[in-house]
Structures are given as C-alpha cells and as structure tokens.
>>> print(open('input03.txt').read())   # compact mmCIF, C-alpha atoms
# COMPACT_ATOMS: atom_id res chain seq x y z
CA MET F 851 82.70 95.21 98.40
CA ASP F 852 84.70 97.28 100.91
CA VAL F 853 88.37 96.43 101.36
CA PRO F 854 89.03 95.05 104.90
CA ASP F 855 90.67 97.69 107.08
CA ASN F 856 93.84 95.77 107.88
CA TYR F 857 97.39 95.47 106.55
CA GLY F 858 97.10 94.30 102.95
CA GLY F 859 93.29 94.58 102.91
CA ILE F 860 93.14 90.82 103.52
CA GLU F 861 89.97 88.78 103.94
CA GLU F 862 89.09 87.19 107.28
CA ASN F 863 90.25 83.65 106.51
CA TYR F 864 93.79 84.96 105.88
CA SER F 865 93.79 87.71 108.52
CA ASN F 866 92.41 86.24 111.76
CA TYR F 867 94.93 85.89 114.57
CA GLU F 868 94.70 82.13 115.01
CA ASN F 869 95.49 81.31 111.38
CA SER F 870 98.05 84.08 110.75
CA TYR F 871 101.83 83.68 110.91
CA PHE F 872 102.57 87.39 110.52
CA VAL F 873 101.15 89.81 113.11
CA VAL F 874 101.20 93.58 112.61
CA LEU F 875 101.19 95.70 115.77
CA PRO F 876 100.54 99.44 115.13
CA VAL F 877 102.04 101.83 117.69
CA PRO F 878 101.18 105.49 116.85
CA LEU F 879 103.63 106.97 119.36
CA GLU F 880 104.69 110.60 119.07
CA LYS F 881 106.01 111.98 122.33
CA THR F 882 109.69 112.91 121.84
CA VAL F 883 110.04 113.98 118.19
CA SER F 884 112.66 116.73 117.87
CA TYR F 885 112.04 118.24 114.42
CA LYS F 886 109.03 117.59 112.21
CA GLY F 887 106.07 115.75 113.72
CA GLY F 888 103.62 113.31 112.20
CA THR F 889 104.87 109.92 113.34
CA SER F 890 101.60 109.22 115.16
CA LEU F 891 99.97 109.13 111.72
CA GLY F 892 102.55 106.69 110.33
CA PRO F 893 101.08 103.28 111.25
CA LYS F 894 97.62 104.02 109.88
CA ALA F 895 99.06 105.57 106.72
CA ILE F 896 101.25 102.50 106.13
CA ILE F 897 98.27 100.18 106.62
CA ASN F 898 96.11 102.27 104.28
CA ALA F 899 98.85 102.25 101.64
CA SER F 900 99.27 98.48 101.94
CA GLN F 901 95.67 98.01 100.83
CA ASN F 902 96.72 99.32 97.41
CA MET F 903 99.79 97.09 97.14
CA GLU F 904 100.04 93.92 95.07
CA LEU F 905 100.33 90.89 97.37
CA PHE F 906 102.13 88.76 94.77
CA ASP F 907 105.89 89.15 95.08
CA GLU F 908 107.60 89.89 91.76
CA GLU F 909 111.00 88.57 92.91
CA PHE F 910 110.05 85.07 94.09
CA PHE F 911 106.58 84.74 92.49
CA VAL F 912 104.87 83.91 95.79
CA SER F 913 102.09 85.38 97.94
CA PRO F 914 103.25 85.48 101.58
CA CYS F 915 99.79 86.61 102.67
CA THR F 916 98.59 83.03 102.15
CA ILE F 917 100.12 82.07 105.53
CA GLY F 918 98.13 84.86 107.13
CA ILE F 919 98.68 88.47 108.19
CA HIS F 920 96.77 89.65 111.24
CA THR F 921 96.57 93.33 112.19
CA LYS F 922 96.18 94.09 115.90
CA ASN F 923 94.41 97.13 117.29
CA GLU F 924 96.60 100.16 117.86
CA VAL F 925 98.45 100.37 121.16
CA ASN F 926 97.03 103.19 123.29
CA CYS F 927 99.78 105.81 123.32
CA ASN F 928 97.79 108.41 125.26
CA GLN F 929 99.23 107.32 128.60
CA ALA F 930 102.48 107.65 130.49
CA MET F 931 105.55 106.56 128.53
CA GLU F 932 106.34 103.77 131.01
CA LYS F 933 102.87 102.31 130.54
CA VAL F 934 103.08 102.59 126.75
CA MET F 935 106.40 100.73 126.75
CA LEU F 936 105.10 98.00 129.05
CA GLU F 937 102.02 97.48 126.88
CA ILE F 938 104.11 97.24 123.70
CA GLU F 939 106.48 94.78 125.36
CA GLU F 940 103.72 92.54 126.66
CA GLU F 941 101.80 92.56 123.36
CA SER F 942 105.02 91.77 121.49
CA PHE F 943 105.96 88.97 123.89
CA LYS F 944 102.55 87.34 123.51
CA ILE F 945 102.88 87.40 119.72
CA LEU F 946 106.36 85.87 119.87
CA LYS F 947 105.27 83.29 122.44
CA ASP F 948 102.48 82.25 120.09
CA LYS F 949 105.22 81.41 117.53
CA LYS F 950 104.23 84.19 115.18
CA PHE F 951 106.37 86.74 113.35
CA LEU F 952 106.23 90.16 114.98
CA CYS F 953 105.85 93.26 112.77
CA VAL F 954 105.68 96.55 114.69
CA LEU F 955 104.68 99.75 112.88
CA GLY F 956 105.66 103.04 114.57
CA GLY F 957 105.45 105.81 115.51
CA GLU F 958 108.69 107.34 116.61
CA HIS F 959 111.79 105.20 117.08
CA SER F 960 111.35 105.11 120.86
CA VAL F 961 108.87 102.26 120.39
CA SER F 962 111.60 99.82 119.36
CA GLN F 963 113.10 99.30 122.80
CA ALA F 964 109.93 97.51 123.96
CA PRO F 965 109.60 94.78 121.28
CA ILE F 966 113.36 94.25 121.49
CA LYS F 967 112.98 93.56 125.22
CA ALA F 968 110.25 91.07 124.35
CA ALA F 969 112.44 89.38 121.73
CA LYS F 970 115.28 89.15 124.23
CA ARG F 971 112.96 87.51 126.76
CA MET F 972 111.93 84.94 124.16
CA TYR F 973 115.31 84.39 122.49
CA LYS F 974 118.21 84.98 124.87
CA ASP F 975 120.88 85.39 122.18
CA THR F 976 119.00 88.04 120.17
CA SER F 977 121.05 90.72 118.44
CA VAL F 978 119.64 93.86 116.84
CA LEU F 979 120.10 95.04 113.25
CA GLN F 980 119.44 98.77 113.08
CA PHE F 981 118.87 100.62 109.80
CA ASP F 982 119.11 104.34 110.46
CA ALA F 983 120.59 107.65 109.38
CA HIS F 984 121.36 108.38 113.04
CA LEU F 985 123.22 106.51 115.76
CA ASP F 986 120.52 107.27 118.40
CA LEU F 987 123.17 106.63 121.07
CA ARG F 988 122.78 109.68 123.29
CA ASP F 989 122.34 108.65 126.90
CA ALA F 990 119.33 110.99 126.96
CA TYR F 991 118.01 113.84 124.83
CA LEU F 992 116.70 116.98 126.55
CA GLY F 993 116.76 114.93 129.75
CA ASP F 994 114.53 112.17 128.36
CA LYS F 995 116.00 108.64 128.40
CA TYR F 996 113.02 107.40 126.37
CA SER F 997 113.75 109.82 123.53
CA HIS F 998 113.94 108.60 119.94
CA ALA F 999 117.45 110.11 119.90
CA SER F 1000 118.62 107.79 122.69
CA VAL F 1001 116.67 104.63 121.85
CA MET F 1002 119.74 102.58 120.92
CA SER F 1003 121.39 103.41 124.24
CA ARG F 1004 118.42 101.69 125.87
CA VAL F 1005 118.60 98.81 123.39
CA GLU F 1006 122.32 98.15 123.91
CA GLU F 1007 121.57 97.60 127.60
CA ASP F 1008 119.76 94.43 126.48
CA ALA F 1009 121.30 93.30 123.17
CA PRO F 1010 124.29 93.81 120.84
CA ILE F 1011 123.68 96.06 117.82
CA VAL F 1012 124.83 96.26 114.21
CA GLN F 1013 124.11 99.72 112.75
CA ILE F 1014 123.58 100.24 109.01
CA GLY F 1015 123.36 103.47 106.97
CA ILE F 1016 124.64 105.87 109.63
CA ARG F 1017 125.48 109.39 108.47
CA SER F 1018 124.61 111.74 111.33
CA PHE F 1019 125.60 111.86 115.02
CA SER F 1020 126.52 114.24 117.80
CA GLU F 1021 129.89 114.93 119.40
CA GLU F 1022 128.60 113.15 122.52
CA GLU F 1023 127.89 110.05 120.45
CA TYR F 1024 131.29 110.27 118.74
CA GLU F 1025 133.03 110.30 122.11
CA LYS F 1026 131.03 107.20 123.02
CA ILE F 1027 131.70 105.17 119.87
CA LYS F 1028 135.39 106.01 119.45
CA ASP F 1029 136.24 104.21 122.68
CA GLY F 1030 133.63 101.45 122.38
CA ASN F 1031 133.17 98.23 120.50
CA TYR F 1032 130.50 99.24 117.99
CA ASN F 1033 129.60 97.62 114.67
CA ILE F 1034 128.80 100.66 112.52
CA PHE F 1035 128.48 100.65 108.74
CA TYR F 1036 128.47 104.24 107.52
CA ALA F 1037 126.36 105.15 104.51
CA LYS F 1038 129.32 106.76 102.73
CA ASP F 1039 131.15 103.42 102.76
CA ILE F 1040 128.31 101.06 101.78
CA HIS F 1041 125.85 102.91 99.54
CA ASP F 1042 127.33 101.71 96.23
CA ASN F 1043 128.69 98.23 96.97
CA LYS F 1044 127.93 94.91 98.66
CA SER F 1045 131.39 94.10 99.98
CA TRP F 1046 130.21 94.75 103.54
CA PHE F 1047 127.29 92.27 103.58
CA ASN F 1048 129.14 89.32 105.09
CA ARG F 1049 131.02 91.43 107.66
CA ALA F 1050 127.76 92.88 108.93
CA ILE F 1051 126.00 89.51 109.12
CA GLU F 1052 128.95 87.87 110.89
CA ASN F 1053 128.40 90.31 113.78
CA LEU F 1054 124.80 89.15 114.23
CA SER F 1055 123.82 86.27 116.53
CA ASP F 1056 121.61 83.40 115.37
CA ASN F 1057 118.41 85.23 116.36
CA VAL F 1058 117.97 88.75 115.00
CA TYR F 1059 115.49 91.57 115.51
CA ILE F 1060 115.45 94.26 112.81
CA THR F 1061 114.61 97.86 113.65
CA PHE F 1062 114.22 99.98 110.53
CA ASP F 1063 114.11 103.75 110.88
CA ILE F 1064 112.79 104.77 107.48
CA ASP F 1065 115.28 107.64 107.28
CA ALA F 1066 117.96 105.04 106.52
CA PHE F 1067 116.73 105.47 102.95
CA ASP F 1068 117.82 108.49 100.98
CA PRO F 1069 115.26 111.34 101.27
CA SER F 1070 114.82 111.25 97.50
CA ILE F 1071 113.08 107.91 98.16
CA ILE F 1072 111.52 108.71 101.55
CA PRO F 1073 110.71 112.42 101.97
CA GLY F 1074 108.09 111.74 104.64
CA THR F 1075 110.17 111.37 107.77
CA GLY F 1076 110.98 113.66 110.69
CA THR F 1077 114.74 114.11 110.28
CA PRO F 1078 115.81 113.29 106.69
CA GLU F 1079 119.53 113.14 105.95
CA PRO F 1080 121.18 113.28 102.50
CA GLY F 1081 123.29 110.39 101.26
CA GLY F 1082 121.01 107.54 102.29
CA LEU F 1083 120.55 103.98 101.09
CA SER F 1084 118.75 102.76 97.97
CA TRP F 1085 115.87 100.30 97.61
CA TYR F 1086 117.60 97.41 95.85
CA LEU F 1087 120.73 97.55 98.02
CA VAL F 1088 118.59 97.37 101.16
CA CYS F 1089 116.48 94.52 99.79
CA ASP F 1090 119.52 92.52 98.71
CA PHE F 1091 121.08 92.88 102.16
CA LEU F 1092 117.84 92.06 103.97
CA LYS F 1093 117.48 88.94 101.84
CA GLU F 1094 120.92 87.74 102.95
CA VAL F 1095 120.11 88.43 106.60
CA PHE F 1096 116.81 86.55 106.47
CA PHE F 1097 118.37 83.56 104.71
CA LYS F 1098 121.43 83.33 106.98
CA ARG F 1099 119.88 84.18 110.35
CA ASN F 1100 116.62 83.57 112.21
CA VAL F 1101 114.88 86.94 112.08
CA VAL F 1102 112.27 86.86 114.87
CA GLY F 1103 110.66 90.26 114.42
CA VAL F 1104 110.91 93.64 112.76
CA ASP F 1105 109.75 97.19 113.18
CA ILE F 1106 109.45 100.11 110.78
CA VAL F 1107 109.44 103.52 112.43
CA GLU F 1108 109.61 107.28 111.82
CA VAL F 1109 107.25 107.49 108.86
CA ALA F 1110 105.71 110.98 108.96
CA PRO F 1111 103.14 111.18 106.15
CA GLN F 1112 103.07 114.26 103.91
CA GLU F 1113 99.84 115.86 102.75
CA SER F 1114 101.16 116.22 99.21
CA SER F 1115 102.49 112.69 98.72
CA SER F 1116 101.86 109.12 99.87
CA VAL F 1117 105.12 107.72 98.52
CA SER F 1118 106.83 107.32 101.93
CA GLU F 1119 104.09 105.23 103.53
CA PHE F 1120 103.66 103.15 100.36
CA ILE F 1121 107.36 102.30 100.27
CA ALA F 1122 107.26 101.49 104.01
CA SER F 1123 104.34 99.11 103.44
CA LYS F 1124 106.21 97.49 100.55
CA LEU F 1125 109.35 97.19 102.69
CA LEU F 1126 107.44 95.29 105.36
CA TYR F 1127 105.93 92.98 102.75
CA LYS F 1128 109.39 92.36 101.29
CA MET F 1129 110.61 91.26 104.72
CA MET F 1130 107.55 89.04 105.06
CA THR F 1131 108.42 87.55 101.68
CA TYR F 1132 111.98 86.73 102.72
CA LYS F 1133 110.71 85.12 105.92
CA TYR F 1134 108.12 83.16 103.94
CA ILE F 1135 110.82 81.83 101.57
CA LYS F 1136 113.01 80.88 104.54
CA ILE F 1137 110.33 78.84 106.35
CA THR F 1138 108.49 77.20 103.43
>>> encode(input="input03.txt", output="structure tokens")
Amino acid sequence: MDVPDNYGGIEENYSNYENSYFVVLPVPLEKTVSYKGGTSLGPKAIINASQNMELFDEEFFVSPCTIGIHTKNEVNCNQAMEKVMLEIEEESFKILKDKKFLCVLGGEHSVSQAPIKAAKRMYKDTSVLQFDAHLDLRDAYLGDKYSHASVMSRVEEDAPIVQIGIRSFSEEEYEKIKDGNYNIFYAKDIHDNKSWFNRAIENLSDNVYITFDIDAFDPSIIPGTGTPEPGGLSWYLVCDFLKEVFFKRNVVGVDIVEVAPQESSSVSEFIASKLLYKMMTYKYIKIT
C-alpha cells in the first residue's frame, strides 16, 4: 500500500481537515534568498522526510497524530509578493479561527510575517519567539522590505519579539538594537546552559507564535540551509526550552523556515520534520 502523501504519511481518518487539530501549511517561497538557494524545495522535502519518521514520541510515550494532522495544498508562490503574503495570512487566519494549531513550513523566512499577522488578528496579545542565527532586523535588504533579512523588522511592527540563538548581524542592525528595547539571547551565552530559560519566557505574553529559522541549529546538525553560521544551538537544549515554552504559555502556531535540501544528504529536512513533531507533542501534552 502506498504511503499517503501528507505530513507523517497519515491515513485519511487521522488526516482530514475536519477531524485534525494540527494543520500543516506548506509555503515554498524563494524570492529574496541572498546566498544559497533551495528553500522552495524545503516544505516538500520536510513532508517527504516525515513519512519515514516514527509517530510515537520516545519522551512522553504518546502519538500526537491521533488527534489529527492535516496537510494543506501548497500556497501558490508564483505571484507577486503582496499576493503571496495575503494568501498566507488568510489561510493562516482561517486555520486559527477554526481552533486548530497552525504549522507553516517554508520556504524562506519572509513567509513568517504573514502567519504572525494572522495570529495577531486572532490573539491580540501575541508575542513572537524567534529562533535564528540572524537578527533579520534590517529595515530592508537590497531595497526589499519583504526580504528574509528584514522579516523581523516587519514582525516587530505587529508584535513584540524574543530572539534566541543570535550570532550574526550587520552594523545597521547593531545601531538599531543598541538603542532599542530588544530581548536577544546570543548563542555564545546560552549554548551550554539553561539559566536563561525563565528570563526568556518571562518576556513572552500569554499567547505565543514561534518562528524557527532552521539555521538556529549548529550547521553540524543542519547543513542544509542557505546561510549557516558556526556556534549554533543543539537538539536537546532546543527541545528542553521549547517544552518549557509550550507548558508555560499558549503557543498558537509555529513555522519552520529556511530548509534548503542538499542532494547528498536528507538529514536537514528529517531533523526539521522531527522538530515540528516534537512541538506537536508538547502541544498535545499541554491540551490533553
């Protein structure tokens, strides 16, 4: 029997929209990448990898897929950026309005501003938890305000941000953050300890949207991304922190972006698919 072509390879009774709590929205956007390309291939690669992933969680001994995971059709990214963003926002808002848990798979990081707008429409006090190697706080990059390098400047227009794993930024961004009120947790300070967990969570509002640029991980774990940076975060540290966030706050949606699959290895997309399922697991434990 062929494996269903959806996230997790899940049968119809656990993957139709009506009966599913988790909804995966693939957005294969690749319009503003500045180094290595391939992000348009990320969502499909993550979904394909997930079909070879065990759906029984080894940490809590549960199967979150039993409350349903529906995979939407890909958003059409072959149109003007403004139209792409509007479509992502409206799709995301519908999912949230239907009381489901939003899971966006990018694509480049630019996609995140749209589901965050949707989350803010649904939950007025939403804050954003950003995992990233980069600040992404340029006002624009090469004149493009929609650029992946300026996505968090767009986001902060709508919601407060806590930034985790940062280890690369421009002089322009430094001038911005040194005079501003930013909650930044640099990778060099947090990679080998958990003393920062509570401080980071205290800066989050009750409702939280998580945007996870996969380059927050060290490139030894995730080589398949457009702009890898040395000195990144490790798997268990990230999972332990995410667990605390999910248990102490109401996480309303997540995205995973900037996976750029490599021809020689599928490790990056497999870890990204596992990361999403881990977050589903923590949400499942919180609500059941």
>>> closest_residue(input="input03.txt", among="F:Tyr864, F:Phe981, F:Phe1096, F:Phe1067", to="Gly1082 (chain F)", atoms="only C-alpha atoms")
F:Phe1067
>>> atom_distance(input="input03.txt", atom1="CA of Gly892 (chain F)", atom2="CA of Phe1035 (chain F)")
26.7 Å
>>> residues_around(input="input03.txt", residues="Pro965 (chain F)", least_positions_apart="4", cutoff="10 Å", atoms="only C-alpha atoms", output="list in words")
Met935, Leu936, Glu937, Ile938, Glu939, Glu940, Glu941, Ser942, Phe943, Leu946, Leu952, Cys953, Val954, Val961, Ala969, Lys970, Arg971, Tyr1059, Thr1061, Gly1103, Val1104 and Asp1105 of chain F
>>> atom_distance(input="input03.txt", atom1="CA of Val1058 (chain F)", atom2="CA of Ile1121 (chain F)")
22.7 Å
>>> axis_aligned_box(input="input03.txt", around="region 1063-1069 of chain F", padding_each_side="3 Å", output="JSON")
{"center_x": 115.4, "center_y": 107.5, "center_z": 105.9, "size_x": 11.2, "size_y": 13.6, "size_z": 15.9}
>>> residues_around(input="input03.txt", residues="Thr889 (chain F)", least_positions_apart="2", cutoff="12 Å", atoms="all atoms listed in the file", output="number ranges by chain")
F: 876-887, 891-896, 927, 955-961, 998, 1063-1064, 1074-1077, 1106-1112, 1118-1119
>>> closest_residue(input="input03.txt", among="F:Ile897, F:Ile1060, F:Val912, F:Ile1011", to="Thr1138 (chain F)", atoms="only C-alpha atoms")
F:Val912
>>> atom_distance(input="input03.txt", atom1="CA of Lys1124 (chain F)", atom2="CA of Asn1100 (chain F)")
20.9 Å
>>> residues_around(input="input03.txt", residues="Phe1091 (chain F)", least_positions_apart="5", cutoff="10 Å", atoms="all atoms listed in the file", output="NGL selection string")
:F and (1044 or 1046-1048 or 1050-1051 or 1086 or 1096)
>>> closest_residue(input="input03.txt", among="F:Val978, F:Val934, F:Val1005, F:Ile1137", to="Tyr871 (chain F)", atoms="all atoms listed in the file")
F:Ile1137
>>> residues_near_point(input="input03.txt", point="(98.5, 82.3, 116.6)", cutoff="7 Å", atoms="all atoms listed in the file", output="list in words")
Tyr867, Glu868, Asn869, Ser870, Tyr871, Asp948, Lys949 and Lys950 of chain F
>>> write_last_selection(input="input03.txt", atoms="C-alpha atoms", output="mmCIF file, in the coordinates of the input")
data_model
loop_
_atom_site.group_PDB
_atom_site.id
_atom_site.type_symbol
_atom_site.label_atom_id
_atom_site.label_comp_id
_atom_site.auth_asym_id
_atom_site.auth_seq_id
_atom_site.Cartn_x
_atom_site.Cartn_y
_atom_site.Cartn_z
ATOM 1 C CA TYR F 867 94.930 85.890 114.570
ATOM 2 C CA GLU F 868 94.700 82.130 115.010
ATOM 3 C CA ASN F 869 95.490 81.310 111.380
ATOM 4 C CA SER F 870 98.050 84.080 110.750
ATOM 5 C CA TYR F 871 101.830 83.680 110.910
ATOM 6 C CA ASP F 948 102.480 82.250 120.090
ATOM 7 C CA LYS F 949 105.220 81.410 117.530
ATOM 8 C CA LYS F 950 104.230 84.190 115.180
#
>>> residues_around(input="input03.txt", residues="Ile1014 (chain F)", least_positions_apart="6", cutoff="10 Å", atoms="all atoms listed in the file", output="PyMOL selection string")
chain F and resi 979-985+1033-1037+1040+1050+1062+1066+1083+1088
>>> closest_residue(input="input03.txt", among="F:Asp975, F:Asn1057, F:Glu909, F:Gly858", to="Tyr1132 (chain F)", atoms="only C-alpha atoms")
F:Glu909
>>> closest_residue(input="input03.txt", among="F:Ser890, F:Thr916, F:Thr921, F:Met903", to="Asn866 (chain F)", atoms="all atoms listed in the file")
F:Thr921
>>> closest_residue(input="input03.txt", among="F:Leu1126, F:Leu987, F:Ile1072, F:Ala999", to="Glu1022 (chain F)", atoms="all atoms listed in the file")
F:Leu987
